[in-house]
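Trainee: This is input_23.csv, which holds CSV, C-alpha atoms:
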chain,number,residue,atom,x,y,z
A,20,MET,CA,54.6,75.0,15.4
A,21,ASN,CA,57.3,72.8,16.8
A,22,LYS,CA,54.7,70.1,17.8
A,23,TRP,CA,53.5,70.2,14.2
A,24,ILE,CA,57.0,69.7,12.8
A,25,LEU,CA,57.6,66.9,15.3
A,26,TYR,CA,54.3,65.2,14.3
A,27,ALA,CA,55.1,65.5,10.6
A,28,SER,CA,58.5,64.1,11.2
A,29,LEU,CA,57.0,61.1,13.1
A,30,THR,CA,54.5,60.4,10.3
A,31,ASP,CA,57.1,60.5,7.7
A,32,ASP,CA,59.3,58.3,9.7
A,33,PRO,CA,58.5,54.5,9.2
A,34,VAL,CA,59.2,53.9,12.9
A,35,GLY,CA,56.6,56.5,13.8
A,36,GLN,CA,54.1,54.9,11.4
A,37,ALA,CA,54.7,51.6,13.0
A,38,LEU,CA,54.2,53.1,16.5
A,39,LYS,CA,50.9,54.7,15.3
A,40,PHE,CA,49.6,51.5,13.8
A,41,LYS,CA,50.5,49.7,17.0
A,42,ASP,CA,48.6,52.2,19.0
A,43,GLN,CA,45.6,51.9,16.8
A,44,LEU,CA,45.7,48.2,17.0
A,45,TRP,CA,45.9,48.3,20.7
A,46,ASN,CA,43.0,50.7,20.9
A,47,TRP,CA,40.9,48.4,18.7
A,48,VAL,CA,41.9,45.3,20.7
A,49,SER,CA,41.2,47.0,24.0
A,50,ASP,CA,37.8,48.5,22.9
A,51,ALA,CA,35.4,46.8,25.3
A,52,ASP,CA,32.3,48.2,23.5
A,53,MET,CA,33.4,46.7,20.2
A,54,TRP,CA,34.0,43.3,21.8
A,55,MET,CA,30.6,43.4,23.6
A,56,ASP,CA,29.0,44.1,20.2
A,57,VAL,CA,30.9,41.2,18.6
A,58,LEU,CA,29.9,38.9,21.5
A,59,PHE,CA,26.2,39.8,21.3
A,60,THR,CA,26.3,39.5,17.5
A,61,GLY,CA,27.9,36.0,17.8
A,62,VAL,CA,25.4,34.9,20.4
A,63,ARG,CA,22.5,36.1,18.2
A,64,ILE,CA,23.9,34.3,15.2
A,65,ILE,CA,24.3,31.1,17.2
A,66,ILE,CA,20.7,31.5,18.5
A,67,ILE,CA,19.4,32.1,15.0
A,68,PHE,CA,21.2,29.0,13.7
A,69,ILE,CA,19.9,26.8,16.6
A,70,LEU,CA,16.4,28.1,16.2
A,71,SER,CA,16.4,27.4,12.4
A,72,ARG,CA,17.6,23.8,13.1
A,73,ILE,CA,14.9,23.3,15.8
A,74,ILE,CA,12.2,24.6,13.4
A,75,ILE,CA,13.4,22.3,10.6
A,76,LYS,CA,13.5,19.3,13.0
A,77,VAL,CA,10.0,20.0,14.4
A,78,VAL,CA,8.5,20.4,10.9
A,79,TYR,CA,10.3,17.2,9.8
A,80,ASN,CA,8.6,15.3,12.7
A,81,VAL,CA,5.2,16.8,11.8
A,82,ILE,CA,5.6,15.8,8.2
A,83,ASP,CA,6.7,12.3,9.1
A,84,ARG,CA,3.8,11.8,11.5
A,85,SER,CA,1.3,13.1,8.9
A,86,MET,CA,2.7,10.8,6.2
A,87,ALA,CA,2.7,7.8,8.6
A,88,ARG,CA,-1.0,8.4,9.4
A,89,LYS,CA,-1.9,8.7,5.7
A,90,THR,CA,0.1,5.6,4.6
A,91,GLY,CA,-1.3,3.4,7.3
A,92,GLY,CA,-2.7,0.2,5.7
A,93,ARG,CA,-2.0,1.5,2.1
A,94,LEU,CA,-0.3,-0.2,-0.7
A,95,LEU,CA,3.5,0.0,-1.3
A,96,ALA,CA,3.0,2.2,-4.4
A,97,ASN,CA,1.0,4.7,-2.3
A,98,THR,CA,3.6,4.6,0.4
A,99,ARG,CA,6.3,5.5,-2.1
A,100,ARG,CA,4.1,8.4,-3.3
A,101,PHE,CA,3.6,9.8,0.1
A,102,THR,CA,7.2,9.4,0.9
A,103,THR,CA,8.0,11.5,-2.2
A,104,VAL,CA,5.6,14.2,-1.1
A,105,GLY,CA,7.1,14.2,2.4
A,106,GLU,CA,10.7,14.5,1.0
A,107,LEU,CA,9.5,17.4,-1.2
A,108,LEU,CA,7.9,19.2,1.7
A,109,LYS,CA,11.1,18.7,3.8
A,110,ASN,CA,13.2,20.2,1.0
A,111,VAL,CA,10.9,23.2,0.7
A,112,VAL,CA,11.0,23.8,4.5
A,113,THR,CA,14.8,23.4,4.5
A,114,VAL,CA,15.3,25.9,1.7
A,115,ILE,CA,13.0,28.5,3.3
A,116,SER,CA,14.5,28.1,6.7
A,117,ASN,CA,18.1,28.4,5.5
A,118,PHE,CA,17.2,31.4,3.3
A,119,VAL,CA,15.6,33.2,6.3
A,120,MET,CA,18.6,32.3,8.5
A,121,ILE,CA,21.1,33.7,6.0
A,122,MET,CA,19.1,36.9,5.7
A,123,LEU,CA,19.1,37.3,9.5
A,124,ILE,CA,22.8,36.6,9.8
A,125,LEU,CA,23.6,39.2,7.1
A,126,SER,CA,21.4,41.7,8.9
A,127,GLU,CA,23.5,41.1,12.0
A,128,PHE,CA,26.6,42.2,10.0
A,129,HIS,CA,24.7,45.4,9.1
A,130,PHE,CA,24.2,44.5,5.4
A,131,ASP,CA,21.5,46.5,3.6
A,132,LEU,CA,19.0,43.7,2.7
A,133,ALA,CA,16.7,45.8,0.6
A,134,PRO,CA,18.9,45.9,-2.5
A,135,LEU,CA,19.7,42.3,-2.1
A,136,LEU,CA,16.0,41.2,-1.8
A,137,ALA,CA,15.1,43.5,-4.7
A,138,GLY,CA,17.9,41.9,-6.9
A,139,ALA,CA,16.8,38.4,-5.8
A,140,GLY,CA,13.2,39.3,-6.8
A,141,VAL,CA,14.2,40.5,-10.2
A,142,LEU,CA,16.4,37.4,-10.7
A,143,GLY,CA,13.5,35.2,-9.7
A,144,LEU,CA,11.2,36.9,-12.0
A,145,ALA,CA,13.6,36.6,-14.9
A,146,VAL,CA,14.1,32.9,-14.1
A,147,GLY,CA,10.3,32.4,-13.9
A,148,PHE,CA,9.7,34.0,-17.3
A,149,GLY,CA,12.6,32.1,-18.8
A,150,ALA,CA,11.7,28.7,-17.3
A,151,GLN,CA,7.9,28.7,-17.5
A,152,SER,CA,7.8,25.1,-18.9
A,153,LEU,CA,10.1,23.9,-16.1
A,154,VAL,CA,8.0,25.5,-13.4
A,155,LYS,CA,4.8,24.1,-15.0
A,156,ASP,CA,6.3,20.6,-15.1
A,157,ILE,CA,7.4,20.8,-11.5
A,158,ILE,CA,4.0,22.1,-10.3
A,159,THR,CA,2.1,19.5,-12.3
A,160,GLY,CA,4.4,16.7,-11.0
A,161,PHE,CA,3.8,17.8,-7.5
A,162,PHE,CA,0.0,17.6,-7.9
A,163,ILE,CA,0.3,14.2,-9.7
A,164,ILE,CA,2.0,12.8,-6.7
A,165,LEU,CA,-0.1,14.6,-4.1
A,166,GLU,CA,-3.5,13.8,-5.7
A,167,ASP,CA,-2.6,10.1,-6.2
A,168,GLN,CA,-3.4,10.1,-9.9
A,169,PHE,CA,-1.1,7.1,-10.7
A,170,ALA,CA,1.7,5.2,-9.1
A,171,VAL,CA,4.8,3.3,-10.1
A,172,GLY,CA,3.7,0.0,-11.6
A,173,ASP,CA,0.3,1.3,-12.9
A,174,VAL,CA,-0.6,1.0,-16.5
A,175,ILE,CA,-1.8,4.3,-17.8
A,176,GLN,CA,-2.4,6.1,-21.1
A,177,THR,CA,-1.9,9.8,-21.7
A,178,GLY,CA,-2.4,11.0,-25.2
A,179,VAL,CA,-1.0,8.5,-27.6
A,180,TYR,CA,1.4,7.0,-25.0
A,181,LYS,CA,0.4,3.9,-23.1
A,182,GLY,CA,2.6,1.8,-20.8
A,183,THR,CA,3.7,0.9,-17.3
A,184,VAL,CA,4.8,3.7,-15.1
A,185,GLU,CA,8.5,3.2,-14.1
A,186,VAL,CA,9.4,6.5,-12.5
A,187,ILE,CA,7.4,9.5,-11.3
A,188,GLY,CA,9.5,12.6,-11.0
A,189,LEU,CA,8.7,16.2,-10.3
A,190,ARG,CA,9.6,17.1,-13.9
A,191,THR,CA,9.0,14.0,-16.0
A,192,THR,CA,7.2,10.6,-15.9
A,193,ARG,CA,8.7,7.5,-17.6
A,194,LEU,CA,6.5,4.9,-19.2
A,195,LEU,CA,7.5,1.5,-20.5
A,196,SER,CA,5.3,0.3,-23.4
A,197,ASN,CA,4.3,-3.4,-24.0
A,198,THR,CA,6.7,-3.5,-26.9
A,199,GLY,CA,9.7,-2.3,-25.0
A,200,GLU,CA,9.8,1.5,-25.9
A,201,VAL,CA,10.5,3.9,-23.0
A,202,HIS,CA,8.5,7.1,-23.2
A,203,ILE,CA,9.8,10.1,-21.1
A,204,ILE,CA,6.9,12.6,-20.8
A,205,PRO,CA,7.2,16.1,-19.3
A,206,ASN,CA,4.6,16.4,-16.5
A,207,GLY,CA,3.3,19.7,-17.9
A,208,SER,CA,2.1,17.9,-21.0
A,209,ILE,CA,0.1,15.4,-19.1
A,210,ILE,CA,-3.5,16.7,-19.4
A,211,ASN,CA,-5.7,13.6,-19.5
A,212,VAL,CA,-4.7,10.3,-17.9
A,213,THR,CA,-6.5,6.9,-18.2
A,214,ASN,CA,-5.4,4.6,-15.4
A,215,TYR,CA,-6.0,0.9,-16.1
A,216,SER,CA,-4.8,-0.3,-12.7
A,217,LEU,CA,-7.2,1.3,-10.2
A,218,SER,CA,-10.2,-1.1,-10.5
A,219,ASN,CA,-11.0,-4.6,-11.7
A,220,ALA,CA,-11.3,-5.1,-15.4
A,221,LEU,CA,-14.0,-6.9,-17.4
A,222,ALA,CA,-12.8,-9.5,-20.0
A,223,VAL,CA,-15.4,-9.9,-22.8
A,224,VAL,CA,-15.1,-12.8,-25.4
A,225,ASP,CA,-17.4,-13.4,-28.3
A,226,VAL,CA,-17.5,-17.0,-29.5
A,227,PRO,CA,-18.8,-17.6,-33.0
A,228,VAL,CA,-20.7,-20.9,-33.5
A,229,LYS,CA,-22.0,-22.6,-36.6
A,230,ILE,CA,-25.7,-22.2,-37.0
A,231,GLU,CA,-26.1,-26.0,-37.3
A,232,ARG,CA,-25.1,-26.5,-33.6
A,233,GLY,CA,-27.7,-26.6,-31.0
A,234,LEU,CA,-27.9,-23.6,-28.6
A,235,GLU,CA,-28.4,-25.5,-25.3
A,236,GLU,CA,-25.7,-28.0,-26.2
A,237,THR,CA,-23.3,-25.2,-27.1
A,238,LEU,CA,-24.0,-23.3,-23.9
A,239,GLY,CA,-23.5,-26.4,-21.8
A,240,LEU,CA,-20.2,-27.1,-23.6
A,241,ILE,CA,-18.9,-23.6,-22.9
A,242,GLY,CA,-20.0,-23.8,-19.3
A,243,GLU,CA,-18.1,-27.1,-18.8
A,244,ALA,CA,-15.1,-25.7,-20.5
A,245,LEU,CA,-14.8,-22.7,-18.1
A,246,GLN,CA,-15.1,-24.8,-14.9
A,247,GLY,CA,-12.1,-24.1,-12.7
A,248,ILE,CA,-10.7,-21.2,-14.8
A,249,GLU,CA,-10.0,-19.3,-11.6
A,250,ASP,CA,-7.4,-22.0,-10.6
A,251,ARG,CA,-5.9,-22.1,-14.0
A,252,ASN,CA,-5.5,-18.4,-14.3
A,253,PRO,CA,-5.3,-16.3,-11.1
A,254,SER,CA,-6.1,-13.1,-13.0
A,255,VAL,CA,-9.7,-14.3,-13.4
A,256,LEU,CA,-11.5,-13.4,-10.2
A,257,ALA,CA,-14.8,-15.3,-10.6
A,258,TYR,CA,-16.5,-17.8,-12.8
A,259,PRO,CA,-17.4,-16.1,-16.1
A,260,ASP,CA,-21.0,-15.2,-17.0
A,261,ILE,CA,-22.3,-16.7,-20.2
A,262,LEU,CA,-24.5,-13.9,-21.4
A,263,GLY,CA,-26.1,-15.7,-24.3
A,264,ILE,CA,-26.5,-14.8,-28.0
A,265,GLN,CA,-24.9,-11.5,-28.9
A,266,SER,CA,-25.6,-11.6,-32.7
A,267,MET,CA,-26.7,-14.0,-35.3
A,268,SER,CA,-26.5,-14.5,-39.1
A,269,THR,CA,-27.6,-17.2,-41.6
A,270,SER,CA,-24.3,-19.0,-41.1
A,271,GLU,CA,-23.4,-18.6,-37.4
A,272,PHE,CA,-24.5,-17.1,-34.1
A,273,VAL,CA,-22.2,-15.4,-31.5
A,274,ILE,CA,-22.2,-16.2,-27.8
A,275,ARG,CA,-20.8,-13.5,-25.4
A,276,VAL,CA,-18.9,-14.5,-22.3
A,277,ALA,CA,-17.8,-11.9,-19.7
A,278,ALA,CA,-15.5,-12.4,-16.7
A,279,SER,CA,-14.3,-10.1,-13.9
A,280,CYS,CA,-10.5,-10.1,-13.7
A,281,MET,CA,-7.6,-8.3,-12.1
A,282,PRO,CA,-6.7,-4.7,-13.1
A,283,ASN,CA,-4.8,-4.6,-16.3
A,284,ALA,CA,-5.2,-8.4,-16.8
A,285,ARG,CA,-8.0,-8.3,-19.3
A,286,ASP,CA,-5.9,-9.6,-22.2
A,287,ALA,CA,-4.6,-12.5,-20.2
A,288,ALA,CA,-8.1,-13.4,-19.0
A,289,GLU,CA,-9.6,-13.2,-22.5
A,290,ARG,CA,-6.8,-15.4,-23.9
A,291,GLN,CA,-7.5,-18.0,-21.2
A,292,ILE,CA,-11.2,-18.0,-21.9
A,293,GLN,CA,-10.6,-18.4,-25.6
A,294,SER,CA,-8.1,-21.1,-25.1
A,295,ASP,CA,-10.5,-23.1,-22.8
A,296,ILE,CA,-13.4,-22.8,-25.2
A,297,LYS,CA,-11.3,-23.6,-28.2
A,298,GLU,CA,-10.0,-26.8,-26.5
A,299,ALA,CA,-13.5,-27.8,-25.6
A,300,LEU,CA,-14.8,-27.2,-29.2
A,301,GLU,CA,-11.8,-29.1,-30.6
A,302,LYS,CA,-12.5,-32.0,-28.2
A,303,GLN,CA,-16.2,-32.0,-29.1
A,304,SER,CA,-15.4,-31.8,-32.8
A,305,SER,CA,-13.0,-34.8,-32.4
A,306,MET,CA,-15.6,-36.7,-30.6
A,307,GLU,CA,-18.2,-36.0,-33.2
A,308,ALA,CA,-15.8,-36.9,-36.0
A,309,ALA,CA,-15.0,-40.2,-34.2
A,310,GLU,CA,-18.7,-40.9,-33.7
A,311,ALA,CA,-19.3,-40.2,-37.4
A,312,GLU,CA,-16.5,-42.4,-38.4
A,313,GLN,CA,-17.7,-45.2,-36.1
A,314,GLN,CA,-21.2,-44.9,-37.5
A,315,ALA,CA,-19.8,-45.0,-41.1
A,316,ARG,CA,-17.8,-48.0,-40.2
A,317,GLU,CA,-20.8,-49.7,-38.7
A,318,ARG,CA,-22.9,-48.9,-41.8
A,319,GLU,CA,-20.2,-50.3,-44.0
A,320,GLU,CA,-20.0,-53.4,-41.9
A,321,GLU,CA,-23.8,-53.7,-41.9
A,322,GLU,CA,-23.9,-53.2,-45.7
A,323,SER,CA,-21.1,-55.8,-46.1
A,324,ARG,CA,-22.9,-58.2,-43.9
A,325,ILE,CA,-26.1,-57.7,-45.8
A,326,ALA,CA,-24.3,-58.2,-49.1
A,327,GLN,CA,-22.6,-61.4,-47.8
A,328,GLU,CA,-26.0,-62.7,-46.6
A,329,ALA,CA,-27.5,-61.9,-50.0
A,330,ASP,CA,-24.7,-63.7,-51.8
A,331,ALA,CA,-25.1,-66.6,-49.5
A,332,MET,CA,-28.8,-66.8,-50.2
A,333,ASN,CA,-28.2,-66.6,-53.9
A,334,VAL,CA,-25.7,-69.4,-53.7
A,335,ALA,CA,-28.1,-71.5,-51.7
A,336,GLN,CA,-30.9,-70.9,-54.1
A,337,GLU,CA,-28.6,-71.9,-57.0
A,338,VAL,CA,-27.6,-75.1,-55.1
A,339,ARG,CA,-31.1,-75.9,-54.3
A,340,GLY,CA,-32.1,-75.3,-57.9
A,341,ALA,CA,-29.3,-77.6,-59.2
A,342,THR,CA,-30.1,-80.4,-56.8
A,343,GLY,CA,-33.9,-80.2,-57.6
A,344,ALA,CA,-33.3,-80.4,-61.4
A,345,ALA,CA,-31.2,-83.6,-61.3
A,346,PRO,CA,-34.0,-85.9,-59.8
A,347,ARG,CA,-36.4,-84.4,-62.3
A,348,GLN,CA,-34.1,-85.3,-65.1
A,349,GLN,CA,-33.7,-88.9,-63.8
A,350,VAL,CA,-37.5,-89.2,-63.5
A,351,ALA,CA,-37.9,-88.0,-67.0
A,352,ALA,CA,-35.3,-90.4,-68.3
A,353,THR,CA,-37.0,-93.3,-66.5
A,354,HIS,CA,-40.3,-92.4,-67.9
A,355,GLU,CA,-39.0,-92.2,-71.4
A,356,GLY,CA,-37.4,-95.6,-71.0
A,357,GLU,CA,-40.6,-97.1,-69.9
A,358,GLU,CA,-42.4,-95.7,-72.8
A,359,GLY,CA,-39.8,-97.1,-75.2
A,360,GLU,CA,-40.2,-100.6,-73.8
A,361,GLY,CA,-43.9,-100.5,-74.1
For the file at hand, write its structure as C-alpha cells.

Mentor:
Amino acid sequence: MNKWILYASLTDDPVGQALKFKDQLWNWVSDADMWMDVLFTGVRIIIIFILSRIIIKVVYNVIDRSMARKTGGRLLANTRRFTTVGELLKNVVTVISNFVMIMLILSEFHFDLAPLLAGAGVLGLAVGFGAQSLVKDIITGFFIILEDQFAVGDVIQTGVYKGTVEVIGLRTTRLLSNTGEVHIIPNGSIINVTNYSLSNALAVVDVPVKIERGLEETLGLIGEALQGIEDRNPSVLAYPDILGIQSMSTSEFVIRVAASCMPNARDAAERQIQSDIKEALEKQSSMEAAEAEQQAREREEEESRIAQEADAMNVAQEVRGATGAAPRQQVAATHEGEEGEG
C-alpha cells in the first residue's frame, strides 16, 4: 500500500515523470535488439537501392547496344527514331524499377502493401477509363516510332492533312503544309498514312502538240530539249522516257514523257520537264517564224525583181518601137517627095 502511494506520488510529480521518461529513453537507446533490427533494415534498404541502380544501368546498356546495332548504316531520321524508342524504353525501365524499390523499402518499414497496391490499382483503373484517348494516343505514337512508319522530314498524308513531318511525339504529330499551316494531329486519330518520301517518284508530263506538226520531228525536238536535264535539276535521277502518243484529236495529239525522280520531288521534276520542252518549242516556233519571214521577204524581192525586169522590158520595147518608127517616117517622106518631083 505504501509502495502504491509512493508510485502515485512519483507519477504525479513532474520530476518523477522526467525520471521515468529518462529511464524509458535509456532503455530504448540501450536496446541492442532494436539497433540490430535497424542496422539490418538499413543494410537491406541500401542493398535494394544499389541493386535497383545496377539493374537500371544494365538495362540501359542493353538498350543502347541494341539501338546501336539497329541504327548502324541507317539514315539520320531513322537514328532519331530509334533514339526516341530507346529513351522511351529507358524511362519505362526507370519507372518500374523505382516503383519496385519503393515498395520493397516500405515493406522493410512494416507497411501493409496490400491496401496500398489495391488503392493504386483502383486509381490506375479510374485514370485509364478517364484518359482512354490519351492512352490510345501514347500507344499509337509508340508503335508509329517503333514500326518506322514515317520520320521527321518525310512528306505524308493522313486523312485530309498533308505536309512535312516536323515533330513525332508519343501523343501528337506535327505537320507543316506547303502553304505554311501547321497541323497538330493526335496519334490516336492517325489510321491510314501515305508516305511520299520512302521511294522514288515518277514525274509524268503530257505535251499537247498541234496536229500539223510532224510526229518524228516533234519527238526529236523533245528528246533534244531534255538532254542534260539531270544536271540542270538534281531531283531528276535519269533521262526521261518519251513514251509516245498518249491521246489524239482532230486538232492536236498529246505526247507523254515520264521521268524517275527523287522522293517528293515530282512537282519540281515536272516543272523542269515542262520548262525545257516549252523553251524548245518556243525556239522552234521562233525559227519557223524567222524562216517564214525570210521566205516571204525573198518572195517579195523576187516579185519586185520580176516586176522591175518586166518594166525594163516594156521600156525597152517602147524605145525600140519609137526608134523604128522614125526611119520609117523619113523613108515615107522621101518617097513622097520623089513622087511629087516626078

Trainee: Please list as a ChimeraX atom specification every residue within 8 Å of stretch 193-198 of chain A, counting all atoms listed in the file and excluding residues in the same chain fewer than 5 positions away.

Mentor: /A:180-187,203-204

Trainee: Print the selection's residues with C-alpha atoms to a file, as a JSON list (two decimals), in the coordinates of the input.

Mentor:
[["chain", "number", "residue", "atom", "x", "y", "z"],
["A", 180, "TYR", "CA", 1.40, 7.00, -25.00],
["A", 181, "LYS", "CA", 0.40, 3.90, -23.10],
["A", 182, "GLY", "CA", 2.60, 1.80, -20.80],
["A", 183, "THR", "CA", 3.70, 0.90, -17.30],
["A", 184, "VAL", "CA", 4.80, 3.70, -15.10],
["A", 185, "GLU", "CA", 8.50, 3.20, -14.10],
["A", 186, "VAL", "CA", 9.40, 6.50, -12.50],
["A", 187, "ILE", "CA", 7.40, 9.50, -11.30],
["A", 203, "ILE", "CA", 9.80, 10.10, -21.10],
["A", 204, "ILE", "CA", 6.90, 12.60, -20.80]]

Trainee: Interatomic distance between atom CA of A:Val62 and atom CA of A:Val81?

Mentor: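 So the two atoms, atom CA of A:Val62 and atom CA of A:Val81, lie 28.5 Å apart.
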
Trainee: Taking all atoms listed in the file into account, which of A:Glu337, A:Glu231, A:Glu310, A:Glu243 comes nearest A:Glu298?

Mentor: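 Looking only at the distances to A:Glu298, the closest residue turns out to be A:Glu243.
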
Trainee: Which one of A:Asn283, A:Gln293, A:Thr192, A:Ser268 sits closest to A:Tyr215 if you count only C-alpha atoms?

Mentor: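 Smallest separation from A:Tyr215 among the options: A:Asn283.
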
Trainee: For the atom pair atom CA of A:Ala222 and atom CA of A:Met267, what is the interatomic distance in Å to one decimal place?

Mentor: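 One can read the atom CA of A:Ala222 to atom CA of A:Met267 distance as 21.2 Å.
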